[in-house]
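Chemist: So I've got this file, run30.txt, and it contains compact mmCIF, C-alpha atoms (C1' of nucleotides):
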```txt
# COMPACT_ATOMS: atom_id res chain seq x y z
CA MET A 28 -25.85 41.88 -2.91
CA SER A 29 -23.47 40.47 -0.48
CA GLY A 30 -20.45 38.65 -1.76
CA GLU A 31 -20.14 36.64 1.40
CA ILE A 32 -18.43 33.39 0.63
CA LYS A 33 -18.71 30.74 3.24
CA THR A 34 -15.49 29.16 4.33
CA LEU A 35 -14.53 26.38 6.67
CA THR A 36 -11.52 25.29 8.63
CA ILE A 37 -10.10 21.94 7.75
CA GLY A 38 -11.74 20.10 10.61
CA ARG A 39 -15.20 21.42 9.81
CA LEU A 40 -14.64 20.65 6.17
CA ALA A 41 -13.69 17.08 7.04
CA ARG A 42 -16.79 16.60 9.15
CA LYS A 43 -19.08 18.12 6.53
CA ALA A 44 -17.58 16.05 3.76
CA GLY A 45 -17.55 12.91 5.86
CA VAL A 46 -13.86 12.13 5.55
CA ASN A 47 -10.91 11.99 7.87
CA LEU A 48 -9.11 15.27 8.30
CA GLU A 49 -5.86 13.62 7.34
CA THR A 50 -7.41 12.45 4.12
CA ILE A 51 -7.89 16.06 3.12
CA ARG A 52 -4.26 16.79 3.80
CA TYR A 53 -3.38 13.73 1.78
CA TYR A 54 -5.50 14.91 -1.14
CA GLN A 55 -3.68 18.20 -0.99
CA ARG A 56 -0.36 16.41 -1.09
CA VAL A 57 -1.35 14.50 -4.20
CA GLY A 58 -2.75 17.62 -5.77
CA ILE A 59 -6.45 16.90 -6.16
CA ILE A 60 -7.50 19.50 -3.64
CA SER A 61 -5.78 22.84 -3.47
CA GLU A 62 -4.50 24.12 -0.18
CA PRO A 63 -5.63 27.66 0.62
CA ALA A 64 -2.83 30.05 1.51
CA LYS A 65 -2.18 30.28 5.19
CA PRO A 66 -3.41 33.66 6.38
CA LEU A 67 -1.01 35.86 8.29
CA GLN A 68 -2.79 34.85 11.36
CA GLY A 69 -5.37 32.22 12.03
CA TYR A 70 -6.17 29.04 10.17
CA ARG A 71 -6.57 28.18 6.53
CA GLN A 72 -10.05 28.79 5.17
CA TYR A 73 -11.54 26.35 2.73
CA PRO A 74 -14.31 27.45 0.36
CA ALA A 75 -17.52 25.56 0.98
CA ASP A 76 -17.55 24.02 -2.47
CA THR A 77 -14.53 21.97 -1.52
CA ILE A 78 -17.15 19.69 -0.02
CA ASP A 79 -18.46 19.10 -3.52
CA ARG A 80 -15.02 18.32 -4.76
CA ILE A 81 -14.49 15.75 -2.04
CA HIS A 82 -17.82 14.17 -2.86
CA PHE A 83 -16.81 14.06 -6.49
CA ILE A 84 -13.58 12.30 -5.53
CA LYS A 85 -15.31 9.80 -3.28
CA ARG A 86 -17.98 9.06 -5.82
CA SER A 87 -15.40 8.54 -8.53
CA GLN A 88 -13.45 6.21 -6.27
CA GLN A 89 -16.55 4.14 -5.74
CA LEU A 90 -16.76 3.84 -9.49
CA GLY A 91 -13.32 2.34 -9.50
CA PHE A 92 -11.22 5.33 -10.44
CA SER A 93 -7.81 5.69 -8.85
CA LEU A 94 -6.79 9.04 -7.41
CA GLN A 95 -4.51 9.41 -10.41
CA GLU A 96 -7.43 9.01 -12.77
CA ILE A 97 -9.50 11.35 -10.68
CA ALA A 98 -6.74 13.91 -10.95
CA GLU A 99 -7.00 13.59 -14.71
CA LEU A 100 -10.75 13.96 -14.63
CA LEU A 101 -10.37 17.08 -12.57
CA GLN A 102 -7.76 18.44 -14.93
CA LEU A 103 -10.35 18.31 -17.68
CA GLY A 104 -11.10 21.77 -16.45
CA ASP A 105 -7.69 23.07 -17.42
CA GLY A 106 -7.75 23.21 -21.19
CA HIS A 107 -9.76 24.61 -24.00
CA CYS A 108 -13.07 23.21 -24.89
CA SER A 109 -11.93 20.90 -27.66
CA ASP A 110 -9.12 19.42 -25.58
CA VAL A 111 -11.48 18.93 -22.73
CA ARG A 112 -13.98 17.30 -25.01
CA GLN A 113 -11.37 14.90 -26.35
CA ARG A 114 -10.42 13.81 -22.89
CA ALA A 115 -14.00 13.39 -21.88
CA ILE A 116 -14.57 11.20 -24.93
CA HIS A 117 -11.58 9.12 -24.04
CA LYS A 118 -12.77 8.74 -20.50
CA ARG A 119 -16.20 7.77 -21.70
CA ASP A 120 -14.71 5.08 -23.91
CA THR A 121 -12.75 3.73 -20.97
CA ILE A 122 -15.90 3.61 -18.93
CA VAL A 123 -17.77 1.81 -21.67
CA GLN A 124 -15.04 -0.81 -21.67
CA GLN A 125 -15.17 -1.11 -17.90
CA ILE A 126 -18.90 -1.65 -18.08
CA ALA A 127 -18.39 -4.41 -20.61
CA ASP A 128 -15.78 -6.06 -18.40
CA LEU A 129 -17.98 -5.85 -15.36
CA ASN A 130 -20.88 -7.31 -17.29
CA ALA A 131 -18.71 -10.24 -18.27
CA LEU A 132 -17.77 -10.75 -14.63
CA LYS A 133 -21.38 -10.56 -13.64
CA ASP A 134 -22.34 -13.22 -16.19
CA THR A 135 -19.59 -15.48 -14.96
CA LEU A 136 -20.69 -15.09 -11.39
CA GLU A 137 -24.29 -15.64 -12.36
CA ASN A 138 -23.44 -18.91 -14.07
CA LEU A 139 -21.55 -20.06 -11.04
CA ILE A 140 -24.37 -19.08 -8.74
CA SER A 141 -27.00 -20.94 -10.68
CA ALA A 142 -24.81 -24.02 -11.07
CA CYS A 143 -24.40 -23.96 -7.35
CA GLY A 144 -28.06 -23.38 -6.63
CA SER A 145 -29.39 -26.31 -8.55
CA GLY A 146 -28.83 -28.95 -5.92
CA GLY A 147 -26.97 -30.21 -2.91
CA GLN A 148 -23.93 -31.64 -4.59
CA ALA A 149 -20.95 -33.09 -2.88
CA HIS A 150 -18.52 -30.64 -4.42
CA CYS A 151 -19.24 -26.99 -4.80
CA PRO A 152 -19.37 -26.14 -8.50
CA ILE A 153 -17.97 -22.70 -7.81
CA VAL A 154 -14.90 -24.09 -6.19
CA GLU A 155 -14.62 -26.72 -8.90
CA THR A 156 -14.92 -24.19 -11.66
CA LEU A 157 -12.52 -21.70 -10.24
CA ALA A 158 -9.99 -24.36 -9.44
CA SER A 159 -9.63 -25.87 -12.88
CA ARG A 160 -10.07 -24.94 -16.41
CA HIS A 161 -7.68 -22.40 -17.84
CA MET B 30 -0.18 -48.93 -10.69
CA SER B 31 2.29 -46.35 -9.83
CA GLY B 32 1.49 -43.75 -7.29
CA GLU B 33 3.90 -41.33 -8.91
CA ILE B 34 2.91 -37.81 -8.02
CA LYS B 35 4.44 -35.12 -10.09
CA THR B 36 6.16 -32.38 -8.19
CA LEU B 37 7.83 -29.15 -9.13
CA THR B 38 10.39 -26.82 -7.69
CA ILE B 39 9.20 -23.32 -6.99
CA GLY B 40 10.68 -21.83 -10.12
CA ARG B 41 9.05 -24.40 -12.40
CA LEU B 42 5.79 -23.96 -10.56
CA ALA B 43 5.96 -20.23 -11.07
CA ARG B 44 6.59 -20.60 -14.78
CA LYS B 45 3.84 -23.16 -15.21
CA ALA B 46 1.35 -21.09 -13.30
CA GLY B 47 2.39 -17.90 -15.03
CA VAL B 48 3.23 -15.91 -11.95
CA ASN B 49 6.34 -14.40 -10.46
CA LEU B 50 8.25 -16.73 -8.18
CA GLU B 51 8.14 -14.16 -5.43
CA THR B 52 4.39 -14.06 -5.70
CA ILE B 53 4.29 -17.71 -4.70
CA ARG B 54 6.42 -17.03 -1.66
CA TYR B 55 4.11 -14.17 -0.86
CA TYR B 56 1.04 -16.39 -1.14
CA GLN B 57 2.71 -18.76 1.27
CA ARG B 58 3.36 -15.95 3.69
CA VAL B 59 -0.27 -14.93 3.66
CA GLY B 60 -1.37 -18.53 3.98
CA ILE B 61 -3.26 -19.23 0.79
CA ILE B 62 -0.68 -21.67 -0.51
CA SER B 63 1.01 -24.13 1.81
CA GLU B 64 4.75 -24.43 1.85
CA PRO B 65 6.02 -27.98 1.49
CA ALA B 66 8.48 -29.08 4.15
CA LYS B 67 12.05 -28.57 3.17
CA PRO B 68 13.61 -31.98 2.50
CA LEU B 69 16.79 -32.89 4.32
CA GLN B 70 18.60 -32.16 1.18
CA GLY B 71 17.54 -30.56 -2.02
CA TYR B 72 14.73 -28.16 -2.76
CA ARG B 73 11.12 -27.98 -1.74
CA GLN B 74 8.80 -29.97 -3.99
CA TYR B 75 5.41 -28.59 -4.86
CA PRO B 76 2.59 -30.91 -5.91
CA ALA B 77 1.45 -30.24 -9.45
CA ASP B 78 -2.05 -29.28 -8.38
CA THR B 79 -0.64 -26.17 -6.77
CA ILE B 80 -0.89 -24.81 -10.29
CA ASP B 81 -4.66 -25.16 -10.04
CA ARG B 82 -4.70 -23.38 -6.76
CA ILE B 83 -2.79 -20.47 -8.20
CA HIS B 84 -5.21 -20.36 -11.10
CA PHE B 85 -8.06 -20.34 -8.63
CA ILE B 86 -6.50 -17.39 -6.87
CA LYS B 87 -5.85 -15.44 -10.03
CA ARG B 88 -9.26 -16.14 -11.43
CA SER B 89 -10.92 -15.08 -8.22
CA GLN B 90 -8.90 -11.90 -8.20
CA GLN B 91 -10.17 -11.13 -11.66
CA LEU B 92 -13.67 -11.52 -10.27
CA GLY B 93 -12.86 -8.83 -7.78
CA PHE B 94 -12.09 -10.89 -4.68
CA SER B 95 -9.26 -9.74 -2.42
CA LEU B 96 -6.69 -12.24 -1.20
CA GLN B 97 -8.41 -12.12 2.15
CA GLU B 98 -11.71 -13.06 0.60
CA ILE B 99 -10.01 -15.76 -1.41
CA ALA B 100 -8.51 -17.18 1.75
CA GLU B 101 -12.00 -17.41 3.18
CA LEU B 102 -13.33 -19.06 0.05
CA LEU B 103 -10.55 -21.62 0.23
CA GLN B 104 -11.25 -22.32 3.88
CA LEU B 105 -14.87 -23.06 3.08
CA GLY B 106 -13.55 -25.99 1.15
CA ASP B 107 -15.77 -28.74 -0.20
CA GLY B 108 -19.35 -29.35 0.69
CA HIS B 109 -20.18 -25.95 2.14
CA CYS B 110 -21.64 -24.92 -1.12
CA SER B 111 -24.21 -22.53 0.24
CA ASP B 112 -21.62 -20.41 2.02
CA VAL B 113 -19.61 -20.08 -1.14
CA ARG B 114 -22.73 -19.31 -3.07
CA GLN B 115 -23.69 -16.56 -0.65
CA ARG B 116 -20.36 -14.89 -1.14
CA ALA B 117 -20.64 -15.12 -4.89
CA ILE B 118 -24.11 -13.59 -4.71
CA HIS B 119 -22.85 -10.77 -2.59
CA LYS B 120 -20.00 -10.10 -4.97
CA ARG B 121 -22.36 -10.17 -7.92
CA ASP B 122 -24.61 -7.63 -6.26
CA THR B 123 -21.66 -5.36 -5.71
CA ILE B 124 -20.75 -5.63 -9.36
CA VAL B 125 -24.30 -4.93 -10.48
CA GLN B 126 -24.24 -1.76 -8.44
CA GLN B 127 -20.90 -0.76 -9.92
CA ILE B 128 -22.29 -1.24 -13.40
CA ALA B 129 -25.25 0.98 -12.62
CA ASP B 130 -22.98 3.66 -11.24
CA LEU B 131 -20.70 3.51 -14.24
CA ASN B 132 -23.67 3.78 -16.56
CA ALA B 133 -24.79 6.89 -14.76
CA LEU B 134 -21.35 8.40 -15.12
CA LYS B 135 -21.24 7.45 -18.77
CA ASP B 136 -24.55 9.25 -19.33
CA THR B 137 -23.23 12.28 -17.54
CA LEU B 138 -20.12 12.34 -19.66
CA GLU B 139 -22.15 11.82 -22.79
CA ASN B 140 -24.32 14.80 -21.98
CA LEU B 141 -21.26 16.90 -21.38
CA ILE B 142 -19.66 15.76 -24.61
CA SER B 143 -22.66 16.64 -26.70
CA ALA B 144 -23.21 19.96 -24.94
CA CYS B 145 -19.60 20.73 -25.65
CA GLY B 146 -19.78 19.66 -29.27
CA SER B 147 -22.80 21.70 -30.20
CA GLY B 148 -21.05 25.00 -30.68
CA GLY B 149 -18.20 27.31 -29.80
CA GLN B 150 -19.49 28.73 -26.57
CA ALA B 151 -17.65 31.10 -24.33
CA HIS B 152 -17.58 28.72 -21.44
CA CYS B 153 -16.91 25.03 -21.82
CA PRO B 154 -19.85 23.17 -20.32
CA ILE B 155 -17.60 20.40 -19.08
CA VAL B 156 -15.41 22.81 -17.21
CA GLU B 157 -18.44 24.46 -15.72
CA THR B 158 -19.90 21.21 -14.56
CA LEU B 159 -16.78 19.79 -13.03
CA ALA B 160 -15.97 23.04 -11.34
CA SER B 161 -19.09 23.08 -9.24
CA ARG B 162 -22.06 21.10 -8.27
CA HIS B 163 -21.57 17.41 -7.94
C1' DT C 19 -8.95 34.31 31.63
C1' DA C 20 -8.00 29.66 31.63
C1' DA C 21 -9.15 25.25 29.72
C1' DA C 22 -10.69 22.82 25.86
C1' DA C 23 -10.71 22.31 21.21
C1' DC C 24 -8.74 23.13 17.20
C1' DT C 25 -4.85 23.81 13.50
C1' DC C 26 -0.05 23.51 11.60
C1' DT C 27 4.11 21.05 10.19
C1' DG C 28 6.74 17.24 9.70
C1' DT C 29 7.37 12.67 10.00
C1' DA C 30 6.15 7.96 10.91
C1' DC C 31 3.29 4.16 10.37
C1' DC C 32 -0.34 0.93 8.34
C1' DT C 33 -2.61 -2.49 4.87
C1' DG C 34 -2.61 -4.85 0.56
C1' DT C 35 -0.28 -6.80 -3.19
C1' DA C 36 3.39 -7.76 -4.63
C1' DT C 37 8.62 -7.47 -6.46
C1' DA C 38 13.79 -7.17 -5.72
C1' DC C 39 18.25 -8.13 -3.70
C1' DG C 40 22.25 -10.14 -1.37
C1' DG C 41 24.81 -13.83 -0.02
C1' DG C 42 24.78 -17.98 0.60
C1' DG C 43 23.81 -23.44 -0.74
C1' DT C 44 22.26 -27.05 -4.42
C1' DT C 45 21.45 -29.06 -8.97
C1' DT C 46 21.96 -29.35 -13.87
C1' DA C 47 24.11 -29.04 -18.03
C1' DT C 48 28.26 -28.90 -20.75
C1' DA D 8 34.36 -30.90 -12.86
C1' DT D 9 32.98 -26.62 -13.23
C1' DA D 10 29.92 -22.91 -14.77
C1' DA D 11 25.25 -21.70 -15.15
C1' DA D 12 21.05 -21.96 -13.37
C1' DC D 13 18.41 -22.53 -9.63
C1' DC D 14 16.75 -22.42 -4.65
C1' DC D 15 16.71 -20.56 0.27
C1' DC D 16 16.22 -16.98 3.69
C1' DG D 17 15.83 -12.64 5.36
C1' DT D 18 15.24 -8.17 4.46
C1' DA D 19 14.17 -4.16 1.65
C1' DT D 20 11.55 -1.66 -1.55
C1' DA D 21 7.46 -0.07 -4.25
C1' DC D 22 2.99 1.93 -4.88
C1' DA D 23 -1.71 3.30 -3.57
C1' DG D 24 -4.39 5.16 -0.24
C1' DG D 25 -4.57 6.56 3.65
C1' DT D 26 -4.06 7.26 9.23
C1' DA D 27 -1.50 8.66 13.47
C1' DC D 28 1.19 11.38 16.37
C1' DA D 29 4.16 14.91 18.62
C1' DG D 30 4.88 19.36 19.83
C1' DA D 31 3.91 23.96 19.16
C1' DG D 32 0.69 27.70 18.05
C1' DT D 33 -4.34 29.64 17.71
C1' DT D 34 -9.27 30.12 18.68
C1' DT D 35 -13.31 29.18 21.02
C1' DT D 36 -16.08 28.63 25.06
C1' DA D 37 -17.31 28.27 29.87
```
Show this structure as structure tokens.
Modeler:
Amino acid sequence: MSGEIKTLTIGRLARKAGVNLETIRYYQRVGIISEPAKPLQGYRQYPADTIDRIHFIKRSQQLGFSLQEIAELLQLGDGHCSDVRQRAIHKRDTIVQQIADLNALKDTLENLISACGSGGQAHCPIVETLASRH
Amino acid sequence: MSGEIKTLTIGRLARKAGVNLETIRYYQRVGIISEPAKPLQGYRQYPADTIDRIHFIKRSQQLGFSLQEIAELLQLGDGHCSDVRQRAIHKRDTIVQQIADLNALKDTLENLISACGSGGQAHCPIVETLASRH
DNA sequence: TAAAACTCTGTACCTGTATACGGGGTTTAT
DNA sequence: ATAAACCCCGTATACAGGTACAGAGTTTTA
């Protein structure tokens, strides 16, 4: 039945999570990771699931979320269920819009690519297209 | 048969191109717009097609290119179509991946939203999920 | 037990993408 | 002809997202 909770110092945490140590301090400064209290003696101990939180942050960043938005996502955990649900719905709607925008970009790029691929023309159609027409 | 070439001062150029005047100076500093020589007296005159170049830059930014990448695109110039095409392909692939990732996140959020909506449970499923395990 | 490796705190610096400001000079409009 | 509007130049500032470093203390390890 042990209640042993594994903890890490900041350097180990950084290595395990695959980020720079200073990045963790930065995340603490901007409030998306909480800083454990400094023990009377020794170093701060970070719970092992902080690794998961860092992965969550990094994954969200890859999806195009700013740290500010990630902070909001993380704060979804702060309210009551219905509030949380509302915010999740809002976030979902934002994501749906982002997907639509990205799809439009993809189509544009695809048109440019195929125009470009259809022959050895003197002027690149991509350059032509981007340069004019607005 | 006049060879009249229309030119603009920087402020007019900025208004026509729909950008801040300082943005144009900035683009000059980073080398993606060339700065006309200062005439012995009077103001610098910008050729009208600088408007097109600014549109090219803005349009490319919307497609997700950084100014650095745009500089490279511009340096490829005419004729090197296949290089430009390669870059566009690479960018498209990046976007396709982003879309897939966003769709996965949307699905996740959708699951959370419906789990949350299906009853007044003691623990909010969204809170639970975000709090651990990602 | 001493050296190496690590942490803590505070502050400084970096890149990218701009935008703003001050104190001049120039052009245009009235 | 004079005020308003505009340009020039250099410097400063902003914001996001980090990264670096110095100097002192702590822990680990050889």
Chemist: After least-squares alignment of chain A to chain B over all Cα atoms in order, what RMSD do you get?
Modeler: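 Root-mean-square deviation of the C-alpha atoms: 3.1 Å.
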Chemist: Give me, please, the distance in Å between atom CA of Glu101 of chain B and atom CA of Ile80 of chain B, quoted to one decimal.
Modeler: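 The value is 19.0 Å.
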Chemist: Write out as CSV the residues of chain A that have any atom within 9 Å of an atom of chain C, one row each with the nearest atom pair and its distance in Å to one decimal, counting all atoms listed in the file, sorted by chain and then rising number.
Modeler:
```
residue,atom,partner,partner_atom,distance
A:Thr36,CA,C:DT25,C1',8.4
A:Ile37,CA,C:DT25,C1',8.0
A:Gly38,CA,C:DC24,C1',7.8
A:Gly69,CA,C:DT25,C1',8.6
A:Tyr70,CA,C:DT25,C1',6.3
A:Arg71,CA,C:DT25,C1',8.4
```
Chemist: Could you work out which residues of chain D fall inside 10 Å of chain A? Count only C-alpha atoms (C1' of nucleotides), and format the result as a list of chain:residue names.
Modeler: D:DA23, D:DG24, D:DG25, D:DT26, D:DA27, D:DG32, D:DT33, D:DT34
Chemist: Using only C-alpha atoms, find the one residue out of B:Arg58, B:Glu98, B:Asn132, B:Gln74 that sits nearest to Ala117 of chain B.
Modeler: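 For Ala117 of chain B, the nearest of the given residues is B:Glu98.
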Chemist: Find the residues near Thr77 of chain A: any atom within 12 Å, counting all atoms listed in the file, skip ones fewer than 2 places away on the same chain, and give them as a PyMOL selection string.
Modeler: (chain A and resi 33-37+39-41+43-44+51+54-55+59-63+72-75+79-84) or (chain B and resi 159-163)
Chemist: Mind giving me the straight-line distance from atom C1' of DC13 of chain D to atom CA of Val59 of chain B in Å, one decimal?
Modeler: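 Distance reported for this atom pair: 24.2 Å.
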Chemist: Expressed in Å to a single decimal, how great is the separation between atom CA of Cys110 of chain B and atom CA of Gly144 of chain A?
Modeler: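 The value is 8.6 Å.
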Chemist: Is it possible to get the residues within 9 Å of (-15.2, 12.1, -21.5) (coordinates as in the file, counting all atoms listed in the file) written as a list of chain:residue names?
Modeler: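 In the file's frame, the residues around the point are A:Leu100, A:Leu103, A:Val111, A:Arg112, A:Gln113, A:Arg114, A:Ala115, A:Ile116, A:His117, A:Lys118, A:Arg119, A:Asp120, A:Thr121, A:Ile122, B:Lys135, B:Thr137, B:Leu138, B:Glu139, B:Leu141, B:Ile142, B:Ile155.
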Chemist: Using all atoms listed in the file for the distances, tell me which of B:Arg54, B:Lys87, B:Lys67, B:Arg44 is nearest to chain A.
Modeler: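 That would be B:Lys87, the residue with the smallest distance to chain A.
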Chemist: Tell me which protein, DNA and RNA residues are within 6 Å of Ile128 of chain B, counting all atoms listed in the file, leaving out same-chain ones fewer than 3 positions away, and put them as a ChimeraX atom specification.
Modeler: /A:126 /B:125,131
Chemist: Mind dumping the selected residues with C-alpha atoms as a PDB file, in the coordinates of the input?
Modeler:
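See part35.pdb below for the written result:
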```
ATOM      1  CA  ILE A 126     -18.900  -1.650 -18.080  1.00  0.00           C
TER       2      ILE A 126
ATOM      3  CA  VAL B 125     -24.300  -4.930 -10.480  1.00  0.00           C
ATOM      4  CA  LEU B 131     -20.700   3.510 -14.240  1.00  0.00           C
TER       5      LEU B 131
END
```
Chemist: Could segment 72-85 of chain B be completed with N, CA and C atoms and written as a JSON list (two decimals), in the frame of the given file, please?
Modeler:
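Okay, part.json is ready:
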```
[["chain", "number", "residue", "atom", "x", "y", "z"],
["B", 72, "TYR", "N", 15.66, -29.28, -2.78],
["B", 72, "TYR", "CA", 14.73, -28.16, -2.76],
["B", 72, "TYR", "C", 13.33, -28.62, -2.38],
["B", 73, "ARG", "N", 12.52, -27.67, -2.01],
["B", 73, "ARG", "CA", 11.12, -27.98, -1.74],
["B", 73, "ARG", "C", 10.43, -28.47, -3.01],
["B", 74, "GLN", "N", 9.54, -29.43, -2.85],
["B", 74, "GLN", "CA", 8.80, -29.97, -3.99],
["B", 74, "GLN", "C", 7.32, -29.62, -3.84],
["B", 75, "TYR", "N", 6.81, -29.00, -4.86],
["B", 75, "TYR", "CA", 5.41, -28.59, -4.86],
["B", 75, "TYR", "C", 4.59, -29.56, -5.69],
["B", 76, "PRO", "N", 3.47, -30.04, -5.13],
["B", 76, "PRO", "CA", 2.59, -30.91, -5.91],
["B", 76, "PRO", "C", 2.04, -30.15, -7.13],
["B", 77, "ALA", "N", 1.84, -30.89, -8.20],
["B", 77, "ALA", "CA", 1.45, -30.24, -9.45],
["B", 77, "ALA", "C", 0.12, -29.50, -9.33],
["B", 78, "ASP", "N", -0.75, -29.95, -8.44],
["B", 78, "ASP", "CA", -2.05, -29.28, -8.38],
["B", 78, "ASP", "C", -1.99, -27.90, -7.71],
["B", 79, "THR", "N", -0.80, -27.55, -7.25],
["B", 79, "THR", "CA", -0.64, -26.17, -6.77],
["B", 79, "THR", "C", -0.88, -25.18, -7.91],
["B", 80, "ILE", "N", -0.61, -25.65, -9.11],
["B", 80, "ILE", "CA", -0.89, -24.81, -10.29],
["B", 80, "ILE", "C", -2.38, -24.45, -10.31],
["B", 81, "ASP", "N", -3.22, -25.43, -10.05],
["B", 81, "ASP", "CA", -4.66, -25.16, -10.04],
["B", 81, "ASP", "C", -5.04, -24.17, -8.96],
["B", 82, "ARG", "N", -4.37, -24.31, -7.84],
["B", 82, "ARG", "CA", -4.70, -23.38, -6.76],
["B", 82, "ARG", "C", -4.32, -21.95, -7.15],
["B", 83, "ILE", "N", -3.19, -21.81, -7.77],
["B", 83, "ILE", "CA", -2.79, -20.47, -8.20],
["B", 83, "ILE", "C", -3.78, -19.94, -9.24],
["B", 84, "HIS", "N", -4.21, -20.80, -10.13],
["B", 84, "HIS", "CA", -5.21, -20.36, -11.10],
["B", 84, "HIS", "C", -6.50, -19.94, -10.40],
["B", 85, "PHE", "N", -6.87, -20.70, -9.41],
["B", 85, "PHE", "CA", -8.06, -20.34, -8.63],
["B", 85, "PHE", "C", -7.90, -18.93, -8.05]]
```
